[in-house]
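K.L.:
One file is attached below, entry_13.pdb, containing PDB, C-alpha atoms and all ligand atoms.
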MODEL        1
ATOM      1  CA  MET A   1      15.329  49.306  27.408  1.00  0.00           C
ATOM      2  CA  SER A   2      14.697  50.529  30.914  1.00  0.00           C
ATOM      3  CA  THR A   3      13.489  48.667  33.946  1.00  0.00           C
ATOM      4  CA  LYS A   4      10.907  50.006  36.314  1.00  0.00           C
ATOM      5  CA  THR A   5      11.067  49.064  39.957  1.00  0.00           C
ATOM      6  CA  TRP A   6       7.688  48.502  41.515  1.00  0.00           C
ATOM      7  CA  LEU A   7       7.247  48.611  45.257  1.00  0.00           C
ATOM      8  CA  LYS A   8       4.247  47.633  47.261  1.00  0.00           C
ATOM      9  CA  ILE A   9       2.761  49.956  49.885  1.00  0.00           C
ATOM     10  CA  VAL A  10      -0.003  48.539  52.062  1.00  0.00           C
ATOM     11  CA  LEU A  11      -2.412  50.998  53.649  1.00  0.00           C
ATOM     12  CA  CYS A  12      -4.621  49.621  56.397  1.00  0.00           C
ATOM     13  CA  GLY A  13      -6.757  50.574  59.366  1.00  0.00           C
ATOM     14  CA  ASP A  14     -10.440  50.690  60.226  1.00  0.00           C
ATOM     15  CA  GLY A  15     -13.059  51.624  57.660  1.00  0.00           C
ATOM     16  CA  GLY A  16     -13.744  55.357  57.556  1.00  0.00           C
ATOM     17  CA  VAL A  17     -10.408  56.550  58.995  1.00  0.00           C
ATOM     18  CA  GLY A  18      -9.405  58.122  55.681  1.00  0.00           C
ATOM     19  CA  LYS A  19      -7.232  55.536  53.921  1.00  0.00           C
ATOM     20  CA  THR A  20      -8.639  56.108  50.456  1.00  0.00           C
ATOM     21  CA  THR A  21      -8.432  59.883  50.942  1.00  0.00           C
ATOM     22  CA  ILE A  22      -4.765  59.517  51.948  1.00  0.00           C
ATOM     23  CA  ALA A  23      -3.996  57.283  48.955  1.00  0.00           C
ATOM     24  CA  GLN A  24      -5.685  59.712  46.582  1.00  0.00           C
ATOM     25  CA  LYS A  25      -3.892  62.686  48.091  1.00  0.00           C
ATOM     26  CA  LEU A  26      -0.546  60.889  47.824  1.00  0.00           C
ATOM     27  CA  THR A  27      -1.192  60.121  44.166  1.00  0.00           C
ATOM     28  CA  GLY A  28      -2.737  63.488  43.277  1.00  0.00           C
ATOM     29  CA  THR A  29      -6.123  62.007  42.433  1.00  0.00           C
ATOM     30  CA  LEU A  30      -8.183  63.373  45.337  1.00  0.00           C
ATOM     31  CA  ASP A  31     -11.411  64.951  44.105  1.00  0.00           C
ATOM     32  CA  LEU A  32     -13.466  66.195  47.035  1.00  0.00           C
ATOM     33  CA  SER A  33     -16.439  66.969  44.802  1.00  0.00           C
ATOM     34  CA  LYS A  34     -16.893  63.291  44.054  1.00  0.00           C
ATOM     35  CA  ASN A  35     -18.948  60.993  46.224  1.00  0.00           C
ATOM     36  CA  ARG A  36     -16.787  58.496  47.995  1.00  0.00           C
ATOM     37  CA  GLU A  37     -17.568  54.844  47.729  1.00  0.00           C
ATOM     38  CA  MET A  38     -16.549  52.548  50.540  1.00  0.00           C
ATOM     39  CA  THR A  39     -13.560  50.376  49.654  1.00  0.00           C
ATOM     40  CA  VAL A  40     -14.662  46.775  49.366  1.00  0.00           C
ATOM     41  CA  GLY A  41     -11.723  44.377  49.333  1.00  0.00           C
ATOM     42  CA  ILE A  42      -8.809  46.379  47.889  1.00  0.00           C
ATOM     43  CA  ASP A  43      -8.337  49.533  45.824  1.00  0.00           C
ATOM     44  CA  PHE A  44      -5.086  50.049  43.944  1.00  0.00           C
ATOM     45  CA  HIS A  45      -3.408  53.435  43.425  1.00  0.00           C
ATOM     46  CA  HIS A  46      -0.280  54.207  41.415  1.00  0.00           C
ATOM     47  CA  LEU A  47       2.324  56.371  43.165  1.00  0.00           C
ATOM     48  CA  LYS A  48       5.369  57.683  41.314  1.00  0.00           C
ATOM     49  CA  ILE A  49       8.283  57.728  43.753  1.00  0.00           C
ATOM     50  CA  SER A  50      11.001  58.877  41.369  1.00  0.00           C
ATOM     51  CA  GLU A  51      10.347  59.216  37.658  1.00  0.00           C
ATOM     52  CA  GLU A  52      14.023  59.873  37.068  1.00  0.00           C
ATOM     53  CA  ASN A  53      15.013  56.587  38.688  1.00  0.00           C
ATOM     54  CA  LEU A  54      11.983  54.682  37.432  1.00  0.00           C
ATOM     55  CA  ILE A  55      10.757  53.878  40.923  1.00  0.00           C
ATOM     56  CA  HIS A  56       7.029  53.390  41.236  1.00  0.00           C
ATOM     57  CA  ALA A  57       4.788  52.052  43.951  1.00  0.00           C
ATOM     58  CA  GLN A  58       1.451  50.406  43.965  1.00  0.00           C
ATOM     59  CA  ILE A  59      -0.635  51.354  46.995  1.00  0.00           C
ATOM     60  CA  TRP A  60      -2.862  48.555  48.229  1.00  0.00           C
ATOM     61  CA  ASP A  61      -5.715  50.344  49.957  1.00  0.00           C
ATOM     62  CA  LEU A  62      -7.338  47.697  52.108  1.00  0.00           C
ATOM     63  CA  GLY A  63     -11.007  47.835  53.030  1.00  0.00           C
ATOM     64  CA  GLY A  64     -11.283  48.011  56.828  1.00  0.00           C
ATOM     65  CA  GLN A  65     -14.215  45.652  57.110  1.00  0.00           C
ATOM     66  CA  THR A  66     -13.396  42.787  59.417  1.00  0.00           C
ATOM     67  CA  GLN A  67     -15.127  40.217  57.228  1.00  0.00           C
ATOM     68  CA  PHE A  68     -12.294  40.651  54.701  1.00  0.00           C
ATOM     69  CA  ARG A  69      -9.573  40.263  57.289  1.00  0.00           C
ATOM     70  CA  ASP A  70      -8.464  36.685  56.568  1.00  0.00           C
ATOM     71  CA  PHE A  71      -8.398  37.473  52.907  1.00  0.00           C
ATOM     72  CA  GLN A  72      -6.261  40.575  53.542  1.00  0.00           C
ATOM     73  CA  GLU A  73      -3.553  39.102  55.724  1.00  0.00           C
ATOM     74  CA  LYS A  74      -1.715  37.380  52.907  1.00  0.00           C
ATOM     75  CA  PHE A  75      -1.327  40.719  51.145  1.00  0.00           C
ATOM     76  CA  PHE A  76       1.069  41.903  53.828  1.00  0.00           C
ATOM     77  CA  GLU A  77       3.632  39.251  53.000  1.00  0.00           C
ATOM     78  CA  SER A  78       5.461  41.066  50.258  1.00  0.00           C
ATOM     79  CA  ALA A  79       4.858  44.658  51.371  1.00  0.00           C
ATOM     80  CA  HIS A  80       7.768  47.116  51.311  1.00  0.00           C
ATOM     81  CA  VAL A  81       5.986  49.889  53.223  1.00  0.00           C
ATOM     82  CA  LEU A  82       3.176  49.568  55.705  1.00  0.00           C
ATOM     83  CA  ILE A  83       0.941  52.498  56.667  1.00  0.00           C
ATOM     84  CA  LEU A  84      -1.349  51.872  59.649  1.00  0.00           C
ATOM     85  CA  THR A  85      -3.965  54.574  59.941  1.00  0.00           C
ATOM     86  CA  PHE A  86      -6.401  55.632  62.629  1.00  0.00           C
ATOM     87  CA  SER A  87      -8.661  58.599  63.207  1.00  0.00           C
ATOM     88  CA  VAL A  88      -7.953  60.842  66.205  1.00  0.00           C
ATOM     89  CA  VAL A  89     -11.715  61.302  66.641  1.00  0.00           C
ATOM     90  CA  ARG A  90     -12.539  57.573  66.679  1.00  0.00           C
ATOM     91  CA  PHE A  91     -11.040  55.807  69.670  1.00  0.00           C
ATOM     92  CA  PRO A  92     -11.882  52.257  68.479  1.00  0.00           C
ATOM     93  CA  SER A  93      -9.852  52.879  65.333  1.00  0.00           C
ATOM     94  CA  PHE A  94      -6.822  53.534  67.571  1.00  0.00           C
ATOM     95  CA  LEU A  95      -7.450  50.435  69.698  1.00  0.00           C
ATOM     96  CA  ASN A  96      -7.686  48.360  66.535  1.00  0.00           C
ATOM     97  CA  ILE A  97      -4.163  49.360  65.514  1.00  0.00           C
ATOM     98  CA  SER A  98      -2.947  46.677  67.923  1.00  0.00           C
ATOM     99  CA  SER A  99      -4.685  44.007  65.861  1.00  0.00           C
ATOM    100  CA  TRP A 100      -2.594  44.943  62.815  1.00  0.00           C
ATOM    101  CA  LEU A 101       0.738  45.015  64.659  1.00  0.00           C
ATOM    102  CA  PRO A 102       1.425  41.252  64.511  1.00  0.00           C
ATOM    103  CA  LEU A 103       1.366  41.614  60.742  1.00  0.00           C
ATOM    104  CA  ILE A 104       4.520  43.752  60.837  1.00  0.00           C
ATOM    105  CA  LYS A 105       6.847  40.805  60.570  1.00  0.00           C
ATOM    106  CA  ASN A 106       7.915  41.001  57.005  1.00  0.00           C
ATOM    107  CA  GLU A 107      11.671  41.226  56.477  1.00  0.00           C
ATOM    108  CA  ASN A 108      11.071  42.979  53.178  1.00  0.00           C
ATOM    109  CA  LEU A 109       9.740  46.114  54.903  1.00  0.00           C
ATOM    110  CA  ILE A 110      11.642  49.335  54.275  1.00  0.00           C
ATOM    111  CA  GLN A 111       9.528  51.489  56.573  1.00  0.00           C
ATOM    112  CA  THR A 112       6.355  51.369  58.627  1.00  0.00           C
ATOM    113  CA  TYR A 113       4.160  54.338  59.528  1.00  0.00           C
ATOM    114  CA  LEU A 114       1.558  55.065  62.155  1.00  0.00           C
ATOM    115  CA  ILE A 115      -0.679  57.820  60.827  1.00  0.00           C
ATOM    116  CA  ALA A 116      -3.069  59.799  63.023  1.00  0.00           C
ATOM    117  CA  ASN A 117      -5.581  61.256  60.574  1.00  0.00           C
ATOM    118  CA  LYS A 118      -8.399  63.836  60.883  1.00  0.00           C
ATOM    119  CA  ILE A 119      -6.525  66.226  63.181  1.00  0.00           C
ATOM    120  CA  ASP A 120      -8.830  68.936  61.801  1.00  0.00           C
ATOM    121  CA  SER A 121     -11.781  67.244  63.546  1.00  0.00           C
ATOM    122  CA  ASN A 122     -13.205  67.545  67.043  1.00  0.00           C
ATOM    123  CA  PRO A 123     -13.393  66.314  69.693  1.00  0.00           C
ATOM    124  CA  ARG A 124     -10.025  64.650  69.571  1.00  0.00           C
ATOM    125  CA  VAL A 125     -10.056  61.480  71.682  1.00  0.00           C
ATOM    126  CA  VAL A 126      -6.599  59.994  71.001  1.00  0.00           C
ATOM    127  CA  SER A 127      -3.645  61.895  72.467  1.00  0.00           C
ATOM    128  CA  ARG A 128      -0.374  62.433  70.695  1.00  0.00           C
ATOM    129  CA  GLU A 129       1.476  60.866  73.645  1.00  0.00           C
ATOM    130  CA  ASP A 130      -0.488  57.603  73.502  1.00  0.00           C
ATOM    131  CA  ALA A 131      -0.105  57.247  69.760  1.00  0.00           C
ATOM    132  CA  LEU A 132       3.585  58.151  69.799  1.00  0.00           C
ATOM    133  CA  LYS A 133       4.179  55.477  72.427  1.00  0.00           C
ATOM    134  CA  ILE A 134       2.693  52.781  70.193  1.00  0.00           C
ATOM    135  CA  ALA A 135       4.738  54.069  67.259  1.00  0.00           C
ATOM    136  CA  GLN A 136       7.994  54.074  69.216  1.00  0.00           C
ATOM    137  CA  GLN A 137       7.379  50.633  70.717  1.00  0.00           C
ATOM    138  CA  ASN A 138       6.901  49.211  67.240  1.00  0.00           C
ATOM    139  CA  ASN A 139       9.588  51.115  65.393  1.00  0.00           C
ATOM    140  CA  MET A 140       7.117  53.048  63.284  1.00  0.00           C
ATOM    141  CA  ARG A 141       7.464  56.591  61.989  1.00  0.00           C
ATOM    142  CA  TYR A 142       4.638  58.756  63.383  1.00  0.00           C
ATOM    143  CA  PHE A 143       2.771  61.605  61.683  1.00  0.00           C
ATOM    144  CA  GLU A 144      -0.369  63.506  62.613  1.00  0.00           C
ATOM    145  CA  ILE A 145      -2.162  64.724  59.522  1.00  0.00           C
ATOM    146  CA  SER A 146      -5.376  65.845  57.960  1.00  0.00           C
ATOM    147  CA  ALA A 147      -5.851  64.280  54.553  1.00  0.00           C
ATOM    148  CA  LEU A 148      -8.780  66.645  54.082  1.00  0.00           C
ATOM    149  CA  THR A 149      -7.193  70.025  54.855  1.00  0.00           C
ATOM    150  CA  GLY A 150      -3.656  68.896  53.999  1.00  0.00           C
ATOM    151  CA  GLU A 151      -2.231  69.849  57.410  1.00  0.00           C
ATOM    152  CA  ASN A 152       1.189  68.154  57.888  1.00  0.00           C
ATOM    153  CA  PHE A 153       0.486  66.040  54.834  1.00  0.00           C
ATOM    154  CA  ASN A 154       3.583  67.166  52.954  1.00  0.00           C
ATOM    155  CA  ASP A 155       5.864  66.176  55.837  1.00  0.00           C
ATOM    156  CA  PHE A 156       4.458  62.668  55.740  1.00  0.00           C
ATOM    157  CA  GLN A 157       4.587  62.461  51.951  1.00  0.00           C
ATOM    158  CA  GLU A 158       8.193  63.660  51.795  1.00  0.00           C
ATOM    159  CA  ASP A 159       9.261  61.238  54.497  1.00  0.00           C
ATOM    160  CA  LEU A 160       7.636  58.366  52.644  1.00  0.00           C
ATOM    161  CA  ILE A 161       9.275  59.223  49.331  1.00  0.00           C
ATOM    162  CA  GLU A 162      12.672  59.845  50.926  1.00  0.00           C
ATOM    163  CA  SER A 163      12.566  56.597  52.922  1.00  0.00           C
ATOM    164  CA  ILE A 164      11.958  54.616  49.778  1.00  0.00           C
ATOM    165  CA  LYS A 165      14.585  56.461  47.754  1.00  0.00           C
ATOM    166  CA  ASN A 166      17.147  56.076  50.546  1.00  0.00           C
ATOM    167  CA  ALA A 167      16.476  52.367  50.770  1.00  0.00           C
ATOM    168  CA  LEU A 168      16.778  51.832  47.033  1.00  0.00           C
ATOM    169  CA  LEU A 169      19.111  54.383  45.577  1.00  0.00           C
ATOM    170  CA  PRO A 170      22.378  54.760  47.471  1.00  0.00           C
ATOM    171  CA  SER A 171      23.694  51.376  46.550  1.00  0.00           C
ATOM    172  CA  GLN A 172      22.714  48.708  44.127  1.00  0.00           C
ATOM    173  CA  ALA A 173      23.784  46.222  46.779  1.00  0.00           C
ATOM    174  CA  LYS A 174      20.897  47.326  48.962  1.00  0.00           C
ATOM    175  CA  LYS A 175      18.535  47.140  46.059  1.00  0.00           C
ATOM    176  CA  GLN A 176      19.510  43.575  45.345  1.00  0.00           C
ATOM    177  CA  PHE A 177      19.104  42.713  48.993  1.00  0.00           C
ATOM    178  CA  LEU A 178      15.423  43.595  48.860  1.00  0.00           C
ATOM    179  CA  ASP A 179      13.272  40.959  47.302  1.00  0.00           C
ATOM    180  CA  ILE A 180      11.295  43.151  44.949  1.00  0.00           C
ATOM    181  CA  SER A 181       9.014  40.538  43.605  1.00  0.00           C
ATOM    182  CA  TYR A 182       5.394  40.001  44.479  1.00  0.00           C
ATOM    183  CA  LYS A 183       4.320  36.470  45.056  1.00  0.00           C
ATOM    184  CA  ASN A 184       1.134  37.044  43.138  1.00  0.00           C
ATOM    185  CA  GLY A 185       2.074  39.651  40.571  1.00  0.00           C
ATOM    186  CA  ARG A 186       4.888  41.419  38.846  1.00  0.00           C
ATOM    187  CA  THR A 187       7.099  44.091  40.274  1.00  0.00           C
ATOM    188  CA  LEU A 188       9.727  44.384  37.619  1.00  0.00           C
ATOM    189  CA  GLU A 189       8.446  45.590  34.348  1.00  0.00           C
ATOM    190  CA  LYS A 190      10.608  45.656  31.245  1.00  0.00           C
ATOM    191  CA  GLU A 191       9.862  48.365  28.745  1.00  0.00           C
TER     192      GLU A 191
HETATM  193  N1  LIG B 201     -12.505  65.793  58.744  1.00  0.00           N
HETATM  194  C1  LIG B 201     -11.796  64.923  58.036  1.00  0.00           C
HETATM  195  N2  LIG B 201     -12.424  64.016  57.273  1.00  0.00           N
HETATM  196  C2  LIG B 201     -11.664  63.152  56.568  1.00  0.00           C
HETATM  197  C3  LIG B 201     -10.241  63.172  56.578  1.00  0.00           C
HETATM  198  N3  LIG B 201      -9.791  62.181  55.777  1.00  0.00           N
HETATM  199  C4  LIG B 201     -10.876  61.569  55.275  1.00  0.00           C
HETATM  200  N4  LIG B 201     -12.004  62.148  55.743  1.00  0.00           N
HETATM  201  C5  LIG B 201     -13.398  61.788  55.450  1.00  0.00           C
HETATM  202  O1  LIG B 201     -13.702  60.566  56.118  1.00  0.00           O
HETATM  203  C6  LIG B 201     -14.584  59.772  55.327  1.00  0.00           C
HETATM  204  C7  LIG B 201     -13.981  58.405  55.080  1.00  0.00           C
HETATM  205  O2  LIG B 201     -12.810  58.551  54.288  1.00  0.00           O
HETATM  206  P1  LIG B 201     -12.216  57.372  53.401  1.00  0.00           P
HETATM  207  O3  LIG B 201     -10.965  57.900  52.784  1.00  0.00           O
HETATM  208  O4  LIG B 201     -13.246  56.818  52.489  1.00  0.00           O
HETATM  209  O5  LIG B 201     -11.885  56.290  54.543  1.00  0.00           O
HETATM  210  P2  LIG B 201     -11.446  54.770  54.381  1.00  0.00           P
HETATM  211  O6  LIG B 201     -12.678  53.939  54.593  1.00  0.00           O
HETATM  212  O7  LIG B 201     -10.447  54.547  55.468  1.00  0.00           O
HETATM  213  O8  LIG B 201     -10.874  54.580  53.006  1.00  0.00           O
HETATM  214  C8  LIG B 201     -14.824  60.567  54.031  1.00  0.00           C
HETATM  215  O9  LIG B 201     -16.024  61.294  54.186  1.00  0.00           O
HETATM  216  C9  LIG B 201     -13.619  61.513  53.981  1.00  0.00           C
HETATM  217  O10 LIG B 201     -13.897  62.704  53.276  1.00  0.00           O
HETATM  218  C10 LIG B 201      -9.606  64.168  57.403  1.00  0.00           C
HETATM  219  O11 LIG B 201      -8.384  64.287  57.504  1.00  0.00           O
HETATM  220  N5  LIG B 201     -10.441  65.015  58.094  1.00  0.00           N
HETATM  221 MG    MG B 202     -11.454  53.246  51.546  1.00  0.00          MG
ENDMDL
END
Can the structure from this file be put into structure tokens for me?
P.N.:
Amino acid sequence: MSTKTWLKIVLCGDGGVGKTTIAQKLTGTLDLSKNREMTVGIDFHHLKISEENLIHAQIWDLGGQTQFRDFQEKFFESAHVLILTFSVVRFPSFLNISSWLPLIKNENLIQTYLIANKIDSNPRVVSREDALKIAQQNNMRYFEISALTGENFNDFQEDLIESIKNALLPSQAKKQFLDISYKNGRTLEKE
């Protein structure tokens, strides 16, 4: 019998910044020929972190619509990784990052990311310096990517996978320290 470890990754940011595209690219399910439907509420995606070590993650892809905001906040509670996303061509999406920052107060977090998406698009209205400042002030890892063209995407993906493996694998002590149990679901699955 083997035990799978399930982690929870929460992906948030304004509607239209590319969250679902990022989640699909991370999980190898991106199909650009398909019409994209707006995420209403939450979409779930399954990410394999390490098949060898039976580490999996469920990505909670939150709809950006403000009317779902109260409903969403409780989903941050048991997150292990937080990915805040904005679009470099939509300034309001960058300003709105600040409204998600108070939610980064979960002691279970392994890593948090600030992701500047759509760097293939023009005109760019959010500078690297401004975004990096927010990331540094809040202890977040910062990547500039295009989920569409794939630019810099691998760097982000590798960092994400490595951060999780490093937090879980080197010592069982660390693993036990993390509370890998969802309040409203299962994280440990016996097979
Ligand atoms: N140019 C460009 N478009 C993107 C990128 N990522 C996503 N998109 C497009 O932006 C739109 C919204 O993406 P989606 O993933 O649904 O955003 P979400 O609402 O945050 O989940 C879609 O038309 C995507 O194809 C990117 O890196 N560059
Ligand atoms: Mg979406």
K.L.:
Taking only C-alpha atoms and all ligand atoms into account, list the residues no farther than 8 Å from ligand LIG 201 (chain B), as a VMD selection string.
P.N.:
chain A and resid 12 to 23 32 36 to 39 61 to 64 85 117 to 121 145 to 150
K.L.:
Under the rule that all atoms listed in the file are counted, which of A:Leu7, A:Ile42, A:Ile110, A:Leu101 is the nearest residue to ligand MG 202 (chain B)?
P.N.:
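That would be A:Ile42, the residue with the smallest distance to ligand MG 202 (chain B).
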K.L.:
Find, counting all atoms listed in the file, the residue in A:Trp60, A:Leu109, A:Ser127, A:Leu168 that gets nearest to A:Val89.
P.N.:
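The answer is A:Ser127, which sits nearest to A:Val89.
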K.L.:
Kindly give the distance, in Å, that separates atom CA of A:Val81 and atom CA of A:Leu95, rounded to a single decimal.
P.N.:
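It comes out at 21.3 Å.
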K.L.:
For atom CA of A:Ile164 and atom CA of A:Asn139, quote the distance in Å rounded to one decimal.
P.N.:
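About the pair atom CA of A:Ile164 and atom CA of A:Asn139: they are 16.2 Å apart.
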K.L.:
Run the PyMOL selection byres (((chain A and resi 140) around 7) and not hetatm) mentally over the shown coordinates, then write out the matched residues as a PyMOL selection string, using the chain letters and numbers from the document.
P.N.:
chain A and resi 112-114+135-136+138-139+141-142
K.L.:
May I ask which of the residues A:Ser87, A:Gln24, A:Thr5, A:Ser78 is the closest one to ligand MG 202 (chain B), counting only C-alpha atoms and all ligand atoms?
P.N.:
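For ligand MG 202 (chain B), the nearest of the given residues is A:Gln24.
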K.L.:
Which is closer to ligand MG 202 (chain B) than all the others in A:Ala131, A:Lys8, A:Lys34, A:Phe44, using all atoms listed in the file?
P.N.:
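Closest to ligand MG 202 (chain B), using all atoms listed in the file: A:Phe44.
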K.L.:
Record the distance separating atom CA of A:Pro92 and atom CA of A:Val125, expressed in Å with one decimal.
P.N.:
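Atom CA of A:Val125 lies 9.9 Å from atom CA of A:Pro92.
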K.L.:
What's the 6 Å shell around A:Phe86, counting all atoms listed in the file, without same-chain residues fewer than 6 positions away, as a VMD selection string?
P.N.:
chain A and resid 17 93 to 94 116
K.L.:
Taking all atoms listed in the file into account, which of A:Ile104, A:Val88, A:Gln111, A:Leu11 comes nearest A:Glu162?
P.N.:
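Selected residue with least distance to A:Glu162: A:Gln111.
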K.L.:
Which residue gives the smallest distance to A:Asn96 among A:Ile134, A:Asn53, A:Phe75, A:Ile59, with all atoms listed in the file counted?
P.N.:
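Among the listed residues, A:Ile134 lies closest to A:Asn96.
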K.L.:
For the provided coordinates, the residues matched by the PyMOL selection byres (((chain A and resi 55) around 10) and not hetatm) should be stated as a count of residues only.
P.N.:
19
